[in-house]
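Text of protein-v8.cif (mmCIF, C-alpha atoms and all ligand atoms) as supplied:
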data_protein
loop_
_atom_site.label_atom_id
_atom_site.label_comp_id
_atom_site.auth_asym_id
_atom_site.auth_seq_id
_atom_site.Cartn_x
_atom_site.Cartn_y
_atom_site.Cartn_z
CA MET K 1 2.98 -34.99 -10.16
CA ASN K 2 5.45 -37.77 -10.64
CA MET K 3 7.98 -37.85 -7.84
CA ASP K 4 9.69 -41.13 -8.69
CA ASP K 5 13.11 -39.60 -9.08
CA ASP K 6 14.09 -38.14 -5.75
CA ASP K 7 17.47 -36.80 -6.82
CA HIS K 8 16.08 -35.20 -9.87
CA TYR K 9 13.27 -33.80 -7.85
CA GLN K 10 15.63 -32.39 -5.27
CA SER K 11 18.02 -30.80 -7.70
CA GLY K 12 15.16 -29.47 -9.76
CA TYR K 13 13.68 -28.02 -6.64
CA ASP K 14 16.92 -26.35 -5.61
CA ASP K 15 17.50 -24.89 -9.05
CA HIS K 16 14.00 -23.72 -9.13
CA TYR K 17 14.03 -22.37 -5.65
CA GLN K 18 17.16 -20.38 -6.21
CA ASN K 19 15.85 -19.16 -9.54
CA SER K 20 12.40 -18.56 -8.24
CA PHE K 21 12.11 -15.69 -10.62
CA PRO K 22 13.35 -15.22 -14.14
CA LYS K 23 16.60 -13.30 -14.31
CA ASP K 24 15.02 -10.00 -15.19
CA PHE K 25 12.63 -10.41 -12.30
CA GLY K 26 15.15 -10.26 -9.50
CA TYR K 27 17.29 -7.44 -8.30
CA ALA K 28 20.45 -7.13 -10.31
CA PRO K 29 23.53 -5.87 -8.47
CA PHE K 30 24.26 -2.25 -9.19
CA ASP K 31 27.00 -2.01 -11.77
CA GLY K 32 27.00 1.74 -12.18
CA GLU K 33 26.66 1.37 -15.94
CA THR K 34 22.97 1.72 -16.40
CA GLU K 35 23.20 4.83 -18.53
CA GLY K 36 22.21 4.18 -22.09
CA SER K 37 20.10 1.17 -21.24
CA MET K 38 16.47 0.92 -22.27
CA ASP K 39 15.38 1.58 -18.74
CA PRO K 40 13.55 4.91 -18.71
CA LEU K 41 14.74 5.57 -15.18
CA ALA K 42 18.32 4.61 -15.91
CA GLY K 43 21.29 5.83 -13.95
CA GLU K 44 21.17 8.95 -11.87
CA GLN K 45 17.46 9.55 -12.17
CA LYS K 46 16.30 6.82 -9.82
CA PRO K 47 15.44 8.16 -6.40
CA ARG K 48 17.78 7.06 -3.69
CA ILE K 49 17.13 5.59 -0.30
CA LEU K 50 20.09 5.99 2.04
CA LEU K 51 20.65 3.56 4.90
CA MET K 52 22.62 5.24 7.66
CA GLY K 53 23.29 4.61 11.34
CA LEU K 54 26.03 3.51 13.69
CA ARG K 55 28.14 0.43 13.14
CA ARG K 56 26.42 -2.90 13.69
CA SER K 57 23.01 -1.23 13.91
CA GLY K 58 21.72 -3.59 11.21
CA LYS K 59 21.75 -1.58 7.96
CA SER K 60 23.22 -4.23 5.67
CA SER K 61 21.05 -6.90 7.28
CA ILE K 62 17.92 -4.93 6.48
CA GLN K 63 18.94 -4.45 2.87
CA LYS K 64 19.85 -8.13 2.43
CA VAL K 65 16.73 -9.50 4.11
CA VAL K 66 14.23 -7.24 2.37
CA PHE K 67 15.73 -7.10 -1.12
CA HIS K 68 17.89 -10.18 -1.45
CA LYS K 69 15.90 -12.84 0.38
CA MET K 70 18.69 -13.49 2.87
CA SER K 71 17.41 -15.38 5.88
CA PRO K 72 17.71 -13.36 9.11
CA ASN K 73 20.08 -15.89 10.70
CA GLU K 74 22.55 -15.55 7.85
CA THR K 75 23.01 -11.87 8.66
CA LEU K 76 25.07 -12.95 11.67
CA PHE K 77 27.88 -13.61 9.21
CA LEU K 78 27.73 -10.26 7.40
CA GLU K 79 30.95 -8.34 7.47
CA SER K 80 31.12 -4.72 8.43
CA THR K 81 30.57 -2.43 5.45
CA ASN K 82 33.62 -0.34 4.63
CA LYS K 83 32.44 1.64 1.61
CA ILE K 84 29.13 2.84 0.23
CA ILE K 85 27.35 -0.10 -1.41
CA LYS K 86 24.91 0.93 -4.12
CA ASP K 87 22.12 -1.46 -4.93
CA ASP K 88 19.78 -0.91 -7.85
CA ILE K 89 16.24 -2.04 -7.15
CA SER K 90 14.67 -2.18 -10.59
CA ASN K 91 12.18 -4.93 -10.20
CA SER K 92 9.00 -3.08 -10.76
CA SER K 93 7.91 -0.11 -12.74
CA PHE K 94 6.55 1.42 -9.59
CA VAL K 95 9.33 0.45 -7.25
CA GLN K 96 12.46 1.72 -8.91
CA PHE K 97 15.15 3.15 -6.75
CA GLN K 98 18.68 2.68 -5.51
CA ILE K 99 19.56 1.77 -1.97
CA TRP K 100 22.86 3.07 -0.70
CA ASP K 101 24.16 1.15 2.28
CA PHE K 102 26.65 3.26 4.23
CA PRO K 103 29.47 2.17 6.51
CA GLY K 104 28.64 2.90 10.16
CA GLN K 105 31.71 5.02 10.71
CA ILE K 106 31.04 7.48 7.88
CA ASP K 107 32.28 10.95 8.74
CA PHE K 108 30.47 13.95 7.27
CA PHE K 109 33.38 16.22 8.00
CA ASP K 110 35.73 14.14 5.92
CA PRO K 111 36.63 16.27 2.86
CA THR K 112 35.98 13.27 0.58
CA PHE K 113 32.35 13.11 1.73
CA ASP K 114 30.43 14.88 -1.01
CA SER K 115 27.23 15.77 0.78
CA ASP K 116 25.74 17.64 -2.19
CA MET K 117 26.05 14.56 -4.36
CA ILE K 118 24.93 12.14 -1.66
CA PHE K 119 21.94 14.00 -0.26
CA GLY K 120 21.08 15.85 -3.48
CA GLY K 121 19.20 13.10 -5.30
CA CYS K 122 18.03 11.37 -2.16
CA GLY K 123 14.34 10.57 -1.71
CA ALA K 124 14.45 9.06 1.76
CA LEU K 125 17.04 8.67 4.48
CA VAL K 126 16.55 5.66 6.72
CA PHE K 127 18.43 6.03 9.98
CA VAL K 128 18.81 2.74 11.85
CA ILE K 129 19.12 2.75 15.66
CA ASP K 130 19.96 -0.44 17.55
CA ALA K 131 17.29 -0.53 20.28
CA GLN K 132 19.10 -3.30 22.15
CA ASP K 133 22.09 -1.05 22.70
CA ASP K 134 22.62 2.27 24.43
CA TYR K 135 21.24 4.71 21.89
CA MET K 136 22.61 8.06 23.09
CA GLU K 137 25.46 8.09 20.59
CA ALA K 138 23.05 7.02 17.87
CA LEU K 139 20.77 9.96 18.70
CA ASN K 140 23.69 12.39 18.36
CA LYS K 141 24.57 10.89 15.02
CA LEU K 142 20.93 11.03 13.93
CA HIS K 143 20.79 14.72 14.76
CA ALA K 144 24.02 15.47 12.89
CA THR K 145 22.90 13.44 9.87
CA VAL K 146 19.44 14.88 9.61
CA THR K 147 20.47 18.52 9.97
CA LYS K 148 23.28 18.11 7.46
CA ALA K 149 21.04 16.33 4.94
CA ASN K 150 18.23 18.83 5.37
CA LYS K 151 20.57 21.71 4.59
CA VAL K 152 21.40 20.15 1.24
CA ASN K 153 17.93 18.86 0.31
CA GLN K 154 14.72 19.84 2.06
CA ALA K 155 12.68 17.25 0.19
CA ILE K 156 14.30 14.25 1.92
CA LYS K 157 11.93 12.11 3.98
CA PHE K 158 13.53 11.06 7.26
CA GLU K 159 12.66 7.61 8.54
CA VAL K 160 14.02 6.36 11.84
CA PHE K 161 14.06 2.59 12.28
CA ILE K 162 14.15 1.67 15.96
CA HIS K 163 15.67 -1.66 15.09
CA LYS K 164 16.29 -5.10 16.66
CA VAL K 165 13.13 -4.80 18.76
CA ASP K 166 12.77 -8.59 18.68
CA GLY K 167 14.76 -8.64 21.93
CA LEU K 168 12.38 -6.27 23.74
CA SER K 169 9.08 -6.80 25.55
CA ASP K 170 6.03 -4.95 24.24
CA ASP K 171 6.18 -2.43 27.08
CA CYS K 172 9.85 -1.87 26.54
CA LYS K 173 9.28 -1.33 22.80
CA MET K 174 6.74 1.40 23.48
CA GLU K 175 8.89 3.03 26.12
CA THR K 176 11.97 3.00 23.85
CA GLN K 177 10.00 4.46 20.97
CA ARG K 178 8.57 7.21 23.17
CA ASP K 179 11.99 8.03 24.60
CA ILE K 180 13.75 8.12 21.21
CA HIS K 181 10.92 10.12 19.69
CA THR K 182 11.02 12.74 22.46
CA ARG K 183 14.77 13.07 22.58
CA ALA K 184 15.24 13.26 18.81
CA ASN K 185 12.53 15.91 18.42
CA ASP K 186 13.78 17.89 21.43
CA ASP K 187 17.28 17.96 19.92
CA LEU K 188 15.86 19.28 16.66
CA ALA K 189 13.75 21.88 18.45
CA ASP K 190 16.78 23.05 20.48
CA ALA K 191 18.70 23.51 17.25
CA GLY K 192 15.82 25.50 15.74
CA CYS K 193 15.02 22.81 13.20
CA ASP K 194 11.38 22.18 14.11
CA GLN K 195 10.44 22.00 10.46
CA ILE K 196 12.27 18.67 10.05
CA HIS K 197 9.83 15.81 10.37
CA LEU K 198 10.99 12.41 11.53
CA SER K 199 8.88 9.24 11.12
CA PHE K 200 9.53 6.37 13.52
CA HIS K 201 9.12 2.63 12.94
CA LEU K 202 9.73 -0.31 15.28
CA THR K 203 11.54 -2.94 13.22
CA SER K 204 13.19 -6.33 13.33
CA ILE K 205 14.48 -8.60 10.59
CA TYR K 206 13.07 -11.57 12.52
CA ASP K 207 9.45 -10.72 11.73
CA HIS K 208 7.43 -8.84 9.13
CA SER K 209 7.92 -5.45 10.75
CA ILE K 210 10.90 -4.63 8.56
CA PHE K 211 8.89 -5.30 5.38
CA GLU K 212 6.01 -3.23 6.69
CA ALA K 213 8.28 -0.31 7.57
CA PHE K 214 10.05 -0.46 4.21
CA SER K 215 6.66 -0.55 2.48
CA LYS K 216 5.82 2.76 4.09
CA VAL K 217 9.18 4.27 3.14
CA VAL K 218 8.80 3.19 -0.49
CA GLN K 219 5.18 4.33 -0.71
CA LYS K 220 6.22 7.88 0.07
CA LEU K 221 8.37 7.80 -3.07
CA ILE K 222 5.56 6.69 -5.38
CA PRO K 223 3.87 9.73 -6.87
CA GLN K 224 0.94 7.63 -8.09
CA LEU K 225 0.10 6.44 -4.57
CA PRO K 226 -3.18 8.40 -4.20
CA THR K 227 -4.39 7.00 -7.53
CA LEU K 228 -3.53 3.45 -6.51
CA GLU K 229 -5.21 3.84 -3.12
CA ASN K 230 -8.27 5.26 -4.75
CA LEU K 231 -8.48 2.33 -7.16
CA LEU K 232 -8.13 -0.12 -4.26
CA ASN K 233 -10.85 1.66 -2.30
CA ILE K 234 -13.21 1.43 -5.24
CA LEU K 235 -12.36 -2.22 -5.75
CA ILE K 236 -12.94 -3.30 -2.16
CA SER K 237 -16.11 -1.32 -1.57
CA ASN K 238 -17.73 -2.77 -4.68
CA SER K 239 -16.56 -6.33 -4.15
CA ALA K 240 -17.22 -6.77 -0.41
CA ILE K 241 -13.51 -7.27 0.22
CA GLU K 242 -12.25 -6.51 3.73
CA LYS K 243 -8.66 -5.59 2.91
CA ALA K 244 -6.57 -5.46 -0.26
CA PHE K 245 -2.84 -5.05 -0.73
CA LEU K 246 -0.97 -4.37 -3.94
CA PHE K 247 2.26 -6.28 -3.49
CA ASP K 248 5.61 -6.08 -5.14
CA VAL K 249 6.03 -9.84 -5.33
CA VAL K 250 9.82 -10.14 -5.10
CA SER K 251 10.31 -7.98 -2.03
CA LYS K 252 6.87 -8.49 -0.45
CA ILE K 253 6.70 -4.76 0.03
CA TYR K 254 3.16 -3.52 -0.42
CA ILE K 255 3.18 -0.49 -2.62
CA ALA K 256 -0.41 0.46 -1.82
CA THR K 257 -3.39 -0.65 0.21
CA ASP K 258 -6.93 0.61 0.67
CA SER K 259 -7.53 3.25 3.30
CA SER K 260 -8.73 0.93 6.08
CA PRO K 261 -6.09 0.48 8.79
CA VAL K 262 -3.40 -2.15 8.26
CA ASP K 263 -3.10 -4.75 10.95
CA MET K 264 0.11 -6.65 11.15
CA GLN K 265 -1.56 -10.06 11.16
CA SER K 266 -3.36 -9.43 7.88
CA TYR K 267 -0.16 -8.23 6.29
CA GLU K 268 1.71 -11.31 7.54
CA LEU K 269 -0.99 -13.59 6.21
CA CYS K 270 -0.73 -12.00 2.78
CA CYS K 271 3.08 -12.21 2.80
CA ASP K 272 2.86 -15.87 3.73
CA MET K 273 0.40 -16.46 0.94
CA ILE K 274 2.83 -15.03 -1.61
CA ASP K 275 5.53 -17.36 -0.27
CA VAL K 276 3.21 -20.34 -0.57
CA VAL K 277 2.18 -19.45 -4.12
CA ILE K 278 5.76 -18.93 -5.27
CA ASP K 279 7.00 -22.10 -3.56
CA VAL K 280 4.21 -24.30 -4.91
CA SER K 281 4.67 -22.78 -8.33
CA CYS K 282 8.42 -23.49 -8.18
CA ILE K 283 7.86 -27.09 -7.20
CA TYR K 284 4.93 -28.01 -9.39
CA GLY K 285 5.28 -25.45 -12.18
CA LEU K 286 6.43 -26.38 -15.67
CA ARG K 287 9.86 -27.79 -15.03
CA GLU K 288 11.09 -28.04 -18.59
CA ASP K 289 11.18 -24.28 -18.76
CA LEU K 290 13.19 -23.18 -15.75
CA GLU K 291 13.07 -19.59 -16.82
CA ALA K 292 9.31 -19.62 -16.74
CA ALA K 293 8.18 -17.31 -14.05
CA ALA K 294 7.09 -18.74 -10.75
CA PHE K 295 4.81 -15.76 -11.00
CA ASP K 296 3.19 -15.02 -14.35
CA ASN K 297 -0.09 -13.91 -15.88
CA GLN K 298 -1.68 -17.23 -14.97
CA SER K 299 -0.85 -16.81 -11.30
CA SER K 300 -3.82 -16.80 -9.00
CA SER K 301 -4.61 -18.54 -5.78
CA LEU K 302 -7.44 -19.02 -3.36
CA ILE K 303 -6.85 -20.10 0.24
CA LYS K 304 -9.77 -20.81 2.58
CA LEU K 305 -8.96 -20.43 6.26
CA ASN K 306 -10.90 -22.31 8.91
CA ASN K 307 -12.27 -19.10 10.40
CA GLY K 308 -14.48 -18.31 7.40
CA THR K 309 -11.92 -16.04 5.79
CA ILE K 310 -10.61 -16.25 2.25
CA LEU K 311 -7.28 -15.09 0.87
CA TYR K 312 -7.43 -14.37 -2.82
CA LEU K 313 -4.37 -13.58 -4.95
CA ARG K 314 -4.38 -12.40 -8.55
CA GLU K 315 -1.57 -11.34 -10.85
CA VAL K 316 -1.71 -7.67 -11.82
CA ASN K 317 1.43 -7.49 -13.90
CA LYS K 318 4.87 -9.06 -14.05
CA PHE K 319 5.83 -7.52 -10.72
CA LEU K 320 2.65 -6.85 -8.85
CA ALA K 321 0.02 -9.05 -7.24
CA LEU K 322 -3.24 -8.10 -5.63
CA VAL K 323 -3.87 -9.98 -2.40
CA CYS K 324 -7.32 -9.65 -0.84
CA ILE K 325 -8.81 -10.77 2.44
CA LEU K 326 -12.56 -11.36 2.43
CA ARG K 327 -15.28 -13.28 4.22
CA GLU K 328 -16.21 -16.63 2.75
CA ASP K 329 -19.91 -15.70 2.48
CA ASN K 330 -19.01 -12.77 0.28
CA PHE K 331 -17.11 -14.98 -2.11
CA ASP K 332 -20.36 -16.54 -3.38
CA ARG K 333 -20.38 -13.99 -6.14
CA GLN K 334 -16.86 -14.64 -7.33
CA GLY K 335 -17.86 -13.60 -10.85
CA VAL K 336 -18.44 -10.02 -9.73
CA ILE K 337 -15.16 -9.95 -7.82
CA ASP K 338 -13.30 -11.30 -10.83
CA TYR K 339 -14.95 -8.80 -13.14
CA ASN K 340 -14.07 -5.96 -10.79
CA PHE K 341 -10.54 -7.25 -10.56
CA LEU K 342 -10.18 -7.10 -14.35
CA CYS K 343 -11.37 -3.50 -14.31
CA PHE K 344 -8.88 -2.76 -11.55
CA ARG K 345 -6.06 -4.39 -13.49
CA LYS K 346 -6.90 -2.43 -16.60
CA ALA K 347 -6.84 0.79 -14.63
CA ILE K 348 -3.44 -0.06 -13.15
CA GLN K 349 -2.11 -0.77 -16.63
CA GLN K 350 -3.25 2.66 -17.70
CA VAL K 351 -1.39 4.25 -14.82
CA PHE K 352 1.74 2.38 -15.90
CA GLU K 353 1.32 3.32 -19.55
CA LEU K 354 0.93 6.99 -18.75
CA ARG K 355 3.92 6.88 -16.50
CA ASN K 356 6.11 5.21 -19.10
CA LYS K 357 4.96 7.62 -21.79
CA ALA K 358 5.70 10.58 -19.56
CA LEU K 359 9.14 9.19 -18.75
CA ALA K 360 9.93 8.41 -22.37
CA ALA K 361 8.88 11.93 -23.36
CA THR K 362 11.03 13.42 -20.59
CA ASN K 363 13.97 11.32 -21.71
CA MET K 364 13.56 12.38 -25.32
CA THR K 365 13.46 16.07 -24.58
CA ASN K 366 15.61 16.29 -21.51
CA HIS K 367 18.73 14.35 -20.73
CA SER K 368 19.57 16.30 -17.65
CA SER K 369 19.75 14.39 -14.39
CA SER K 370 16.66 15.80 -12.76
CA PRO K 371 15.10 13.58 -10.10
CA VAL K 372 12.30 11.25 -11.10
CA SER K 373 9.66 13.33 -12.73
CA THR K 374 6.41 13.64 -10.90
CA SER K 375 4.91 15.32 -13.92
CA GLU K 376 2.92 12.21 -14.62
CA THR K 377 0.82 12.89 -11.58
CA SER K 378 -0.78 15.72 -13.46
CA ASN K 379 -1.46 13.37 -16.36
CA ALA K 380 -2.36 10.44 -14.20
CA PRO K 381 -5.91 9.30 -14.55
CA THR K 382 -8.19 10.68 -11.93
CA VAL K 383 -10.56 8.23 -10.42
CA SER K 384 -14.02 9.21 -9.42
CA GLN K 385 -16.20 7.22 -7.07
CA THR K 386 -17.91 5.48 -9.95
CA GLY K 387 -14.59 4.05 -11.04
CA THR K 388 -14.28 6.07 -14.22
CA ILE K 389 -10.71 6.56 -15.31
CA GLY K 390 -9.89 9.96 -16.86
CA GLN K 391 -10.21 10.39 -20.59
CA ASN K 392 -8.21 7.31 -21.41
CA GLY K 393 -11.02 4.85 -21.37
CA THR K 394 -13.78 4.18 -18.97
CA VAL K 395 -13.49 1.60 -16.27
CA VAL K 396 -16.80 0.99 -14.60
CA ILE K 397 -16.71 -1.30 -11.61
CA ALA K 398 -19.75 -3.45 -11.06
CA GLN K 399 -21.60 -3.26 -7.80
CA SER K 400 -21.50 -6.46 -5.73
N1 LIG K 501 18.42 -9.37 17.09
C1 LIG K 501 18.58 -8.75 15.93
N2 LIG K 501 19.80 -8.68 15.35
C2 LIG K 501 19.91 -8.04 14.18
C3 LIG K 501 18.79 -7.44 13.53
N3 LIG K 501 19.23 -6.87 12.38
C4 LIG K 501 20.55 -7.08 12.32
N4 LIG K 501 20.97 -7.78 13.39
C5 LIG K 501 22.35 -8.23 13.68
O1 LIG K 501 23.16 -7.09 13.85
C6 LIG K 501 24.49 -7.37 13.45
C7 LIG K 501 25.04 -6.25 12.60
O2 LIG K 501 24.37 -6.22 11.38
P1 LIG K 501 24.91 -5.45 10.08
O3 LIG K 501 23.78 -5.51 9.11
O4 LIG K 501 26.22 -5.96 9.64
O5 LIG K 501 25.08 -3.97 10.64
P2 LIG K 501 25.53 -2.70 9.81
O6 LIG K 501 24.73 -1.56 10.34
O7 LIG K 501 25.49 -2.94 8.36
O8 LIG K 501 27.04 -2.52 10.30
P3 LIG K 501 28.24 -1.74 9.56
O9 LIG K 501 28.31 -2.23 8.16
O10 LIG K 501 29.44 -2.08 10.37
O11 LIG K 501 27.91 -0.28 9.64
C8 LIG K 501 24.44 -8.72 12.73
O12 LIG K 501 24.97 -9.68 13.59
C9 LIG K 501 22.96 -8.97 12.53
O13 LIG K 501 22.62 -10.36 12.58
C10 LIG K 501 17.51 -7.56 14.16
O14 LIG K 501 16.46 -7.11 13.68
N5 LIG K 501 17.46 -8.21 15.35
MG MG K 502 26.88 -2.86 6.91
#

Re-express the file's structure as structure tokens.
Ligand SMILES: Nc1nc2c(ncn2[C@@H]2O[C@H](COP(=O)(O)OP(=O)(O)OP(=O)(O)O)[C@@H](O)[C@H]2O)c(=O)[nH]1
Ligand SMILES: [Mg+2]
Amino acid sequence: MNMDDDDHYQSGYDDHYQNSFPKDFGYAPFDGETEGSMDPLAGEQKPRILLMGLRRSGKSSIQKVVFHKMSPNETLFLESTNKIIKDDISNSSFVQFQIWDFPGQIDFFDPTFDSDMIFGGCGALVFVIDAQDDYMEALNKLHATVTKANKVNQAIKFEVFIHKVDGLSDDCKMETQRDIHTRANDDLADAGCDQIHLSFHLTSIYDHSIFEAFSKVVQKLIPQLPTLENLLNILISNSAIEKAFLFDVVSKIYIATDSSPVDMQSYELCCDMIDVVIDVSCIYGLREDLEAAAFDNQSSSLIKLNNGTILYLREVNKFLALVCILREDNFDRQGVIDYNFLCFRKAIQQVFELRNKALAATNMTNHSSSPVSTSETSNAPTVSQTGTIGQNGTVVIAQS
């Protein structure tokens, strides 16, 4: 690459960096006017994730860091939120939802607080607790929030983020989690609400834990998750891959992984790989076409680590990338892996097609504001161990 013109290079880099993705790739701000657009999940129908918790617990920071690429240090300058901020996350066909960021001081007993409307279409409620602060008040608020929300909508998934754990030692993290877990569940049991299930996550915006936790929250809202996991399991077992993640490239949320346990280091490695690929692509990609995606159907990358491990990234569609971790010895037969990947990609496309067809059909026949249809799960291709996909075409994965 010719780097003779430093200024040009620099400004090109900045432009590119800031526009890492084509406009329709990023997350557009919610304008509340999505009805009537071509988006099959337009307007009310997108499931909602609510971010609640006391003031200064870190709600807006989480939303900005995960979905708007804000650097953690910049969150120091965020102002307190004084009204509900609705953010439409429409980057991927699988990850389509709205995030509602609430002000810390929201009062459920205020007559203007319409709990039916707010909790009605809600898929998940993320309650953020500042672990560096005294959390007794936060636990009271958590209890009040969860019981109120559960009365309105029993389908809500409750996710408690024990947040800002970057300031705590490992022992302290565990102790805090245990304490919060016990107290929150005891409060629910005392109130006779044992049926409410809370999931707990230790999070911080200063490492990958917040992305990991959000991945798990989002995965619970994806009806096709079992199909995706099944496809990943088939792919890795037939290709001698150790671990595979299906990533939403913009947010670095993984929307599915195979069923082997996730270790944080592997996830971080894969996140870092996506950053490297996007950055290199921004710098060295075709500059004359700034709108060209830093991530497109040509995107693929292979990184060899000095411990005999390989990271392998392939584009699955406009929004999704498959990132695999495998041993170098097993990469000898790259042809088989690549063939299997193509089968995997085809299967994913079929899942998308079915989903879009089901949504389009629902939209044609029904304009009511029912929550996102899960009817496609019944139509979704079923995957058997041989890798055959339903009646919509056969995908046979080769044995490595
Ligand atoms: N150490 C640490 N600080 C954090 C973390 N997340 C957020 N913060 C800081 O917490 C402060 C409050 O963050 P906000 O995101 O504004 O909190 P909020 O919950 O939206 O507050 P309100 O809008 O007033 O309800 C900011 O100074 C952030 O930098 C974290 O993971 N670790
Ligand atoms: Mg805020």

Neighbourhood of ligand MG 502 (chain K) at 7 Å, counting all atoms listed in the file, reported as a ChimeraX atom specification: /K:56,58-60,79-81,101-104

Box along x, y and z, 3 Å on every side, all listed atoms of region 180-197 of chain K inside: centre and edge lengths in Å to one decimal, as AutoDock Vina command-line options.
--center_x 14.3 --center_y 16.8 --center_z 16.3 --size_x 14.9 --size_y 23.4 --size_z 18.5

Please identify every polymer residue within 9 Å of ligand LIG 501 (chain K), using only C-alpha atoms and all ligand atoms, and present the set as an NGL selection string. :K and (51-64 or 72-83 or 101-106 or 128-130 or 132 or 163-167 or 203-207 or 210)

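When only C-alpha atoms are used to compute distances to Gln334 (chain K), the closest of the residues K:Arg355, K:Ile241, K:Thr147, K:Phe161 turns out to be K:Ile241.
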
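Note that the spacing between CA of Phe108 (chain K) and CA of Val95 (chain K) amounts to 29.0 Å.
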
In Å, rounded to a single decimal, give me how far CA of Ile196 (chain K) is from CA of Ser90 (chain K). 29.4 Å
